[in-house]
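Text of upload.txt (compact mmCIF, C-alpha atoms) as supplied:
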# COMPACT_ATOMS: atom_id res chain seq x y z
CA MET M 810 0.05 -11.53 -10.96
CA THR M 811 0.28 -10.74 -14.63
CA LEU M 812 -2.03 -8.41 -16.49
CA GLU M 813 -3.93 -11.42 -17.85
CA GLU M 814 -4.40 -13.09 -14.44
CA THR M 815 -6.87 -10.48 -13.23
CA ASN M 816 -10.03 -11.05 -15.23
CA ALA M 817 -12.60 -10.17 -12.59
CA GLY M 818 -13.20 -7.11 -10.50
CA PRO M 819 -14.48 -3.55 -10.70
CA ASP M 820 -14.41 -1.51 -13.87
CA LEU M 821 -11.70 1.08 -13.25
CA ASN M 822 -11.56 2.59 -16.72
CA GLY M 823 -10.71 6.28 -16.49
CA LYS M 824 -9.53 6.01 -12.89
CA VAL M 825 -6.11 7.27 -11.83
CA ALA M 826 -4.26 5.40 -9.10
CA LEU M 827 -1.01 5.68 -7.20
CA VAL M 828 0.69 2.64 -5.68
CA THR M 829 3.69 3.25 -3.47
CA GLY M 830 6.20 0.47 -3.11
CA GLY M 831 5.01 -0.54 -6.56
CA GLY M 832 8.20 -2.14 -7.82
CA ARG M 833 7.87 -5.59 -6.29
CA GLY M 834 5.86 -7.88 -4.05
CA ILE M 835 2.46 -6.68 -2.92
CA GLY M 836 2.79 -3.29 -4.62
CA ARG M 837 3.63 -4.85 -7.96
CA ALA M 838 0.66 -7.22 -7.74
CA ILE M 839 -1.71 -4.37 -6.86
CA ALA M 840 -0.42 -2.11 -9.63
CA LEU M 841 -0.88 -4.85 -12.25
CA ALA M 842 -4.35 -5.67 -10.92
CA LEU M 843 -5.42 -2.02 -11.16
CA ALA M 844 -4.02 -1.74 -14.68
CA ALA M 845 -5.81 -4.93 -15.70
CA ARG M 846 -9.11 -3.42 -14.61
CA GLY M 847 -8.49 -0.31 -16.71
CA ALA M 848 -6.97 2.17 -14.27
CA HIS M 849 -3.83 4.14 -15.04
CA ALA M 850 -1.43 3.41 -12.20
CA PHE M 851 1.40 5.65 -11.16
CA ILE M 852 3.91 3.43 -9.39
CA ALA M 853 6.44 4.85 -6.97
CA ALA M 854 9.47 3.30 -5.30
CA ARG M 855 13.17 3.95 -4.90
CA SER M 856 14.25 1.27 -7.39
CA GLU M 857 13.89 2.64 -10.91
CA ASP M 858 14.75 -0.68 -12.60
CA GLN M 859 11.97 -2.54 -10.80
CA LEU M 860 9.46 0.20 -11.60
CA GLU M 861 10.36 0.11 -15.28
CA GLU M 862 9.83 -3.66 -15.34
CA VAL M 863 6.37 -3.35 -13.77
CA ALA M 864 5.47 -0.55 -16.20
CA ARG M 865 6.41 -2.80 -19.12
CA GLU M 866 4.18 -5.57 -17.77
CA ALA M 867 1.31 -3.09 -17.44
CA ARG M 868 1.91 -1.95 -21.03
CA ASP M 869 0.66 1.62 -21.39
CA ARG M 870 -1.34 1.64 -18.15
CA ALA M 871 1.40 2.52 -15.66
CA THR M 872 3.80 5.39 -15.13
CA PRO M 873 6.95 4.72 -13.10
CA VAL M 874 8.04 7.56 -10.80
CA PRO M 875 11.15 6.97 -8.68
CA ALA M 876 10.51 8.50 -5.26
CA ASP M 877 11.34 8.06 -1.60
CA VAL M 878 8.09 8.43 0.37
CA ALA M 879 10.05 9.40 3.49
CA SER M 880 11.08 12.61 1.69
CA GLU M 881 8.48 15.38 1.77
CA GLU M 882 10.08 16.92 -1.31
CA ASP M 883 9.83 13.65 -3.25
CA VAL M 884 6.21 13.14 -2.21
CA ARG M 885 5.22 16.65 -3.24
CA ARG M 886 6.96 16.20 -6.57
CA LEU M 887 5.19 12.86 -7.10
CA PHE M 888 1.72 14.28 -6.47
CA SER M 889 2.44 17.39 -8.51
CA ARG M 890 3.26 15.17 -11.46
CA ILE M 891 -0.01 13.26 -11.07
CA ARG M 892 -1.95 16.51 -10.87
CA GLU M 893 -0.20 17.98 -13.91
CA GLU M 894 -0.49 14.87 -16.10
CA LYS M 895 -3.94 13.59 -15.10
CA GLY M 896 -5.64 16.35 -13.12
CA ARG M 897 -7.10 13.85 -10.68
CA LEU M 898 -6.35 10.99 -8.31
CA ASP M 899 -9.03 8.41 -7.59
CA ILE M 900 -7.13 5.69 -5.74
CA LEU M 901 -4.13 5.77 -3.41
CA ILE M 902 -2.56 2.54 -2.21
CA ASN M 903 0.02 3.20 0.50
CA ASN M 904 2.11 0.06 0.36
CA ALA M 905 5.72 1.26 0.63
CA GLY M 906 7.40 -0.23 3.65
CA ILE M 907 10.66 -1.53 5.03
CA GLY M 908 11.56 -3.70 7.98
CA ALA M 909 14.41 -3.89 10.48
CA PHE M 910 14.36 -6.55 13.14
CA GLY M 911 15.89 -7.26 16.53
CA PRO M 912 15.10 -7.09 20.25
CA VAL M 913 14.15 -3.67 21.58
CA ALA M 914 16.91 -3.72 24.20
CA GLU M 915 19.55 -3.97 21.47
CA PHE M 916 17.86 -1.97 18.72
CA ASP M 917 19.64 0.95 17.05
CA VAL M 918 17.64 4.20 17.19
CA GLY M 919 18.80 5.09 13.69
CA GLU M 920 17.12 1.94 12.37
CA LEU M 921 13.97 2.84 14.30
CA ASP M 922 13.93 6.29 12.70
CA ARG M 923 14.43 4.77 9.25
CA VAL M 924 11.51 2.33 9.63
CA LEU M 925 9.16 4.99 11.00
CA ALA M 926 10.20 7.46 8.28
CA VAL M 927 9.29 5.14 5.41
CA ASN M 928 6.38 3.20 6.86
CA LEU M 929 4.53 5.80 8.94
CA ARG M 930 5.79 9.21 7.83
CA GLY M 931 5.62 8.14 4.19
CA THR M 932 2.02 6.97 4.57
CA PHE M 933 1.09 10.20 6.37
CA LEU M 934 2.65 12.40 3.68
CA CYS M 935 0.99 10.53 0.83
CA CYS M 936 -2.40 10.61 2.56
CA ARG M 937 -2.08 14.36 3.09
CA GLU M 938 -1.21 15.09 -0.53
CA ALA M 939 -3.90 12.74 -1.83
CA LEU M 940 -6.56 14.48 0.24
CA ARG M 941 -5.57 17.81 -1.29
CA ILE M 942 -6.36 16.39 -4.74
CA MET M 943 -9.37 14.24 -3.79
CA ALA M 944 -11.25 16.59 -1.47
CA PRO M 945 -12.17 19.24 -4.09
CA ARG M 946 -13.57 16.43 -6.29
CA ARG M 947 -15.41 14.96 -3.29
CA SER M 948 -14.43 11.42 -4.17
CA GLY M 949 -11.57 8.98 -3.83
CA TYR M 950 -10.40 5.86 -2.04
CA ILE M 951 -7.29 5.54 0.12
CA ILE M 952 -6.15 2.06 1.14
CA ASN M 953 -3.28 1.78 3.60
CA ILE M 954 -1.45 -1.54 3.79
CA ALA M 955 -0.64 -2.36 7.40
CA SER M 956 -0.02 -5.85 8.80
CA VAL M 957 -1.12 -8.34 11.41
CA VAL M 958 1.55 -6.65 13.55
CA GLY M 959 -0.65 -3.55 13.45
CA PHE M 960 -2.67 -5.14 16.25
CA LYS M 961 -0.48 -7.99 17.46
CA GLY M 962 3.07 -8.19 18.79
CA TYR M 963 5.92 -10.52 17.83
CA PRO M 964 9.45 -10.80 19.22
CA ASP M 965 12.18 -8.84 17.42
CA GLN M 966 9.66 -6.69 15.56
CA GLY M 967 9.33 -3.67 17.86
CA ALA M 968 10.14 -1.00 15.27
CA TYR M 969 8.14 -2.60 12.47
CA THR M 970 5.20 -3.23 14.80
CA ALA M 971 5.23 0.37 16.04
CA SER M 972 5.11 1.66 12.46
CA LYS M 973 2.18 -0.58 11.52
CA HIS M 974 0.26 0.26 14.69
CA GLY M 975 0.75 3.89 13.66
CA ILE M 976 -0.69 3.23 10.21
CA VAL M 977 -3.79 1.63 11.73
CA GLY M 978 -4.31 4.61 14.05
CA LEU M 979 -3.72 7.12 11.27
CA THR M 980 -6.24 5.35 9.05
CA LYS M 981 -8.94 5.44 11.73
CA THR M 982 -8.57 9.19 12.12
CA LEU M 983 -8.32 9.80 8.38
CA ALA M 984 -11.50 7.83 7.70
CA ILE M 985 -13.44 10.24 9.91
CA GLU M 986 -11.80 13.40 8.56
CA ALA M 987 -12.26 12.34 4.92
CA GLN M 988 -15.85 11.19 5.25
CA GLU M 989 -17.36 14.65 4.71
CA TYR M 990 -15.59 14.83 1.34
CA GLY M 991 -16.95 11.51 0.10
CA ILE M 992 -13.50 9.89 0.42
CA ARG M 993 -13.31 6.36 1.78
CA VAL M 994 -10.28 5.16 3.74
CA SER M 995 -9.53 1.55 4.64
CA VAL M 996 -6.65 -0.29 6.23
CA LEU M 997 -5.73 -3.75 4.96
CA SER M 998 -3.79 -5.90 7.42
CA PRO M 999 -2.34 -9.07 5.90
CA GLY M 1000 -0.86 -11.93 7.81
CA GLY M 1001 2.20 -13.62 6.37
CA VAL M 1002 2.70 -12.84 2.67
CA ASP M 1003 5.36 -14.49 0.55
CA THR M 1004 7.65 -11.50 0.03
CA GLU M 1005 11.31 -10.71 0.53
CA LEU M 1006 10.55 -8.94 3.82
CA ILE M 1007 8.95 -11.93 5.53
CA GLY M 1008 11.95 -14.05 4.65
CA ARG M 1009 13.97 -11.81 6.97
CA ALA M 1010 11.29 -11.26 9.60
CA ARG M 1011 10.12 -14.87 9.96
CA PRO M 1012 12.62 -17.34 8.48
CA ASP M 1013 10.91 -20.05 10.58
CA LEU M 1014 7.74 -20.04 8.47
CA ASP M 1015 6.97 -22.60 5.79
CA ARG M 1016 6.69 -20.31 2.76
CA SER M 1017 4.39 -22.72 0.96
CA THR M 1018 1.68 -21.83 3.50
CA LEU M 1019 1.98 -18.07 3.07
CA LEU M 1020 -0.43 -15.74 1.34
CA LYS M 1021 0.63 -14.57 -2.11
CA PRO M 1022 0.87 -10.92 -3.20
CA GLN M 1023 -1.98 -11.50 -5.66
CA ASP M 1024 -4.24 -12.45 -2.71
CA ILE M 1025 -3.76 -8.95 -1.36
CA ALA M 1026 -4.31 -7.44 -4.81
CA ARG M 1027 -7.63 -9.26 -5.11
CA THR M 1028 -8.67 -7.92 -1.71
CA VAL M 1029 -7.88 -4.40 -2.88
CA LEU M 1030 -10.09 -4.98 -5.93
CA PHE M 1031 -12.85 -6.19 -3.62
CA LEU M 1032 -12.71 -2.92 -1.65
CA LEU M 1033 -12.68 -0.84 -4.82
CA GLY M 1034 -15.69 -2.75 -6.12
CA LEU M 1035 -17.92 -1.80 -3.19
CA PRO M 1036 -20.83 0.53 -3.95
CA GLU M 1037 -20.17 4.11 -2.87
CA ARG M 1038 -22.74 3.82 -0.09
CA ALA M 1039 -20.64 1.11 1.58
CA ALA M 1040 -17.41 1.48 3.50
CA ILE M 1041 -15.14 -1.04 5.20
CA ASP M 1042 -12.79 0.37 7.80
CA GLU M 1043 -10.45 -2.57 8.21
CA ILE M 1044 -9.75 -6.00 6.73
CA TYR M 1045 -7.51 -8.60 8.32
CA ILE M 1046 -6.62 -11.30 5.82
CA ARG M 1047 -4.65 -14.22 7.21
CA ARG M 1048 -3.23 -17.41 5.83
CA SER M 1049 -5.41 -20.46 6.38
CA ALA M 1050 -2.65 -22.50 8.05
CA SER M 1051 -3.00 -23.34 11.74
CA THR M 1052 -1.17 -20.24 12.94
CA PRO M 1053 -2.69 -16.83 12.06
CA TRP M 1054 0.69 -15.39 10.97

Kindly present the structure from the file in structure tokens form.
Amino acid sequence: MTLEETNAGPDLNGKVALVTGGGRGIGRAIALALAARGAHAFIAARSEDQLEEVAREARDRATPVPADVASEEDVRRLFSRIREEKGRLDILINNAGIGAFGPVAEFDVGELDRVLAVNLRGTFLCCREALRIMAPRRSGYIINIASVVGFKGYPDQGAYTASKHGIVGLTKTLAIEAQEYGIRVSVLSPGGVDTELIGRARPDLDRSTLLKPQDIARTVLFLLGLPERAAIDEIYIRRSASTPW
């Protein structure tokens, strides 16, 4: 999704957003969609080159910040920069995620720790820091990107599935805790999306039938366009092929 491809959606002028995993795939599409609607998007990921490329596409509406969301120090530094430069955070999109695949009986515990650290711990840390900025302003929207595996199991995806189930559970609790501060929290669970990760997780799928990253970006814009009196806890968006994933 280029900046020009998003010509409909909510007016986000003056809003400040953070998109983790913003260097490619779903995160890139979301960051460009937010910028196209007028938001200033901080984009975080470990790959500086990819972040710089996205920032160029977004022109002056994105700030690349290399960071590892599994690191509490990196996350605190990231949110401190947002607070210092903008003084607010209106939108957090927790999209950063990695995958490692194989049967549970043969799975390396180090790989399990790595997946949980990025996918679940990283989401938890970013949610915590976002709340500390949003709560005093009594407004904000947090959208956590989970997956169909957040409520469904597939062979060879034990670690990845556990991390996404965790994100769904975290979001449900966070939605209740944040409600009194006027902060909305949603979880978005896509089925198969045409990204690098699914090529490794499901090489059997016909990629022409997969969702595209811009489909997820448009769903994010839909959530952000809801009136403040309305809240959606969870969206499952699947491909329209015969199988739901």

key: Atom pair atom CA of Leu898 of chain M / atom CA of Ala840 of chain M: separation (Å)   =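 Atom CA of Leu898 of chain M sits 14.4 Å away from atom CA of Ala840 of chain M.
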
Counting only C-alpha atoms, which residues of segment 928-1016 of chain M fall within 12 Å of segment 1028-1033 of chain M, and what is the closest atom pair for each with its distance in Å at one decimal, ordered by chain and rising number, as CSV?
residue,atom,partner,partner_atom,distance
M:Gly949,CA,M:Leu1033,CA,9.9
M:Tyr950,CA,M:Leu1033,CA,7.6
M:Ile951,CA,M:Leu1033,CA,9.7
M:Ile952,CA,M:Val1029,CA,7.8
M:Asn953,CA,M:Val1029,CA,10.1
M:Ile954,CA,M:Val1029,CA,9.7
M:Ile992,CA,M:Leu1033,CA,12.0
M:Arg993,CA,M:Leu1033,CA,9.8
M:Val994,CA,M:Leu1032,CA,10.0
M:Ser995,CA,M:Leu1032,CA,8.3
M:Val996,CA,M:Val1029,CA,10.1
M:Leu997,CA,M:Val1029,CA,8.2
M:Ser998,CA,M:Thr1028,CA,10.5
M:Pro999,CA,M:Thr1028,CA,10.0

query = At a cut-off of 9 Å from (12.1, -3.1, 12.4) in the coordinates of the file, what residues are picked up using all atoms listed in the file, written as a VMD selection string?
reply = chain M and resid 907 to 911 916 920 to 921 923 to 925 965 to 972 1010

So that I have them on file, write out the residues from the current selection with C-alpha atoms, as an mmCIF file, keeping the file's coordinate frame.
data_model
loop_
_atom_site.group_PDB
_atom_site.id
_atom_site.type_symbol
_atom_site.label_atom_id
_atom_site.label_comp_id
_atom_site.auth_asym_id
_atom_site.auth_seq_id
_atom_site.Cartn_x
_atom_site.Cartn_y
_atom_site.Cartn_z
ATOM 1 C CA ILE M 907 10.660 -1.530 5.030
ATOM 2 C CA GLY M 908 11.560 -3.700 7.980
ATOM 3 C CA ALA M 909 14.410 -3.890 10.480
ATOM 4 C CA PHE M 910 14.360 -6.550 13.140
ATOM 5 C CA GLY M 911 15.890 -7.260 16.530
ATOM 6 C CA PHE M 916 17.860 -1.970 18.720
ATOM 7 C CA GLU M 920 17.120 1.940 12.370
ATOM 8 C CA LEU M 921 13.970 2.840 14.300
ATOM 9 C CA ARG M 923 14.430 4.770 9.250
ATOM 10 C CA VAL M 924 11.510 2.330 9.630
ATOM 11 C CA LEU M 925 9.160 4.990 11.000
ATOM 12 C CA ASP M 965 12.180 -8.840 17.420
ATOM 13 C CA GLN M 966 9.660 -6.690 15.560
ATOM 14 C CA GLY M 967 9.330 -3.670 17.860
ATOM 15 C CA ALA M 968 10.140 -1.000 15.270
ATOM 16 C CA TYR M 969 8.140 -2.600 12.470
ATOM 17 C CA THR M 970 5.200 -3.230 14.800
ATOM 18 C CA ALA M 971 5.230 0.370 16.040
ATOM 19 C CA SER M 972 5.110 1.660 12.460
ATOM 20 C CA ALA M 1010 11.290 -11.260 9.600
#

task = Can you work out the spacing between atom CA of Pro873 of chain M and atom CA of Ile976 of chain M in Å, to one decimal?
result =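 One can read the atom CA of Pro873 of chain M to atom CA of Ile976 of chain M distance as 24.6 Å.
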
inquiry  = When you look at segment 983-991 of chain M with a cut-off of 8 Å (counting all atoms listed in the file), what residues show up, excluding the ones that are within fewer than 6 positions of it in the same chain? I need them as a VMD selection string.
reply    = chain M and resid 940 944 to 945 947 to 949 1042

Work out where the centre of an axis-aligned box around every listed atom of segment 857-870 of chain M lies and how long its edges are once 6 Å is added on each side; give both in Å to one decimal as lines of an AutoDock Vina configuration file.
center_x = 6.7
center_y = -1.5
center_z = -16.1
size_x = 28.1
size_y = 20.2
size_z = 22.6

I'd like a table as CSV: residues in segment 870-890 of chain M with an atom no more than 7 Å from segment 842-855 of chain M, each row giving the shortest atom pair and its distance in Å to one decimal, only C-alpha atoms counted, sorted by chain and rising residue number.
residue,atom,partner,partner_atom,distance
M:Arg870,CA,M:His849,CA,4.7
M:Ala871,CA,M:Ala850,CA,4.6
M:Thr872,CA,M:Phe851,CA,4.6
M:Pro873,CA,M:Ile852,CA,5.0
M:Val874,CA,M:Ala853,CA,5.0
M:Pro875,CA,M:Arg855,CA,5.2
M:Ala876,CA,M:Arg855,CA,5.3
M:Asp877,CA,M:Arg855,CA,5.6

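Residue nearest Val825 of chain M within the list M:Met943, M:Arg868, M:Glu857, M:Gly959: M:Met943 [criterion: smallest interatomic distance, only C-alpha atoms].
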
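Counting all atoms listed in the file and comparing M:Ser956, M:Thr829, M:Ser880, M:Ser1017, the residue that lies closest to Ile900 of chain M is M:Thr829.
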
request  = Find the residue from M:Lys973, M:Lys961, M:Arg937, M:Arg833 that sits nearest to Val884 of chain M; use all atoms listed in the file when measuring.
outcome  =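 Selected residue with least distance to Val884 of chain M: M:Arg937.
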
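For the residues M:Asp1024, M:Glu1043, M:Glu881, M:Glu893, ranking by smallest atom-to-atom distance to Cys936 of chain M using only C-alpha atoms places M:Glu881 first.
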
task = Compile the contact shell of Arg1048 of chain M as number ranges by chain: residues with an atom at most 10 Å away, counting all atoms listed in the file, same-chain residues fewer than 5 positions apart removed.
result = M: 999-1002, 1018-1021, 1024, 1053-1054

Write the residues you've just listed into a file as a PDB file, in the coordinates of the input, and include C-alpha atoms for each of them.
ATOM      1  CA  PRO M 999      -2.340  -9.070   5.900  1.00  0.00           C
ATOM      2  CA  GLY M1000      -0.860 -11.930   7.810  1.00  0.00           C
ATOM      3  CA  GLY M1001       2.200 -13.620   6.370  1.00  0.00           C
ATOM      4  CA  VAL M1002       2.700 -12.840   2.670  1.00  0.00           C
ATOM      5  CA  THR M1018       1.680 -21.830   3.500  1.00  0.00           C
ATOM      6  CA  LEU M1019       1.980 -18.070   3.070  1.00  0.00           C
ATOM      7  CA  LEU M1020      -0.430 -15.740   1.340  1.00  0.00           C
ATOM      8  CA  LYS M1021       0.630 -14.570  -2.110  1.00  0.00           C
ATOM      9  CA  ASP M1024      -4.240 -12.450  -2.710  1.00  0.00           C
ATOM     10  CA  PRO M1053      -2.690 -16.830  12.060  1.00  0.00           C
ATOM     11  CA  TRP M1054       0.690 -15.390  10.970  1.00  0.00           C
TER      12      TRP M1054
END

note = Between atom CA of Ala879 of chain M and atom CA of Leu934 of chain M lies a distance of 8.0 Å

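Between Gly975 of chain M and the residues M:Leu1006, M:Val927, M:Ile839, M:Ile1046, the shortest atom-to-atom distance, using all atoms listed in the file, involves M:Val927.
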
For Gln1023 of chain M, the nearest of the candidates M:Ala826, M:Ala905, M:Glu862, M:Thr1004, counting all atoms listed in the file = M:Thr1004
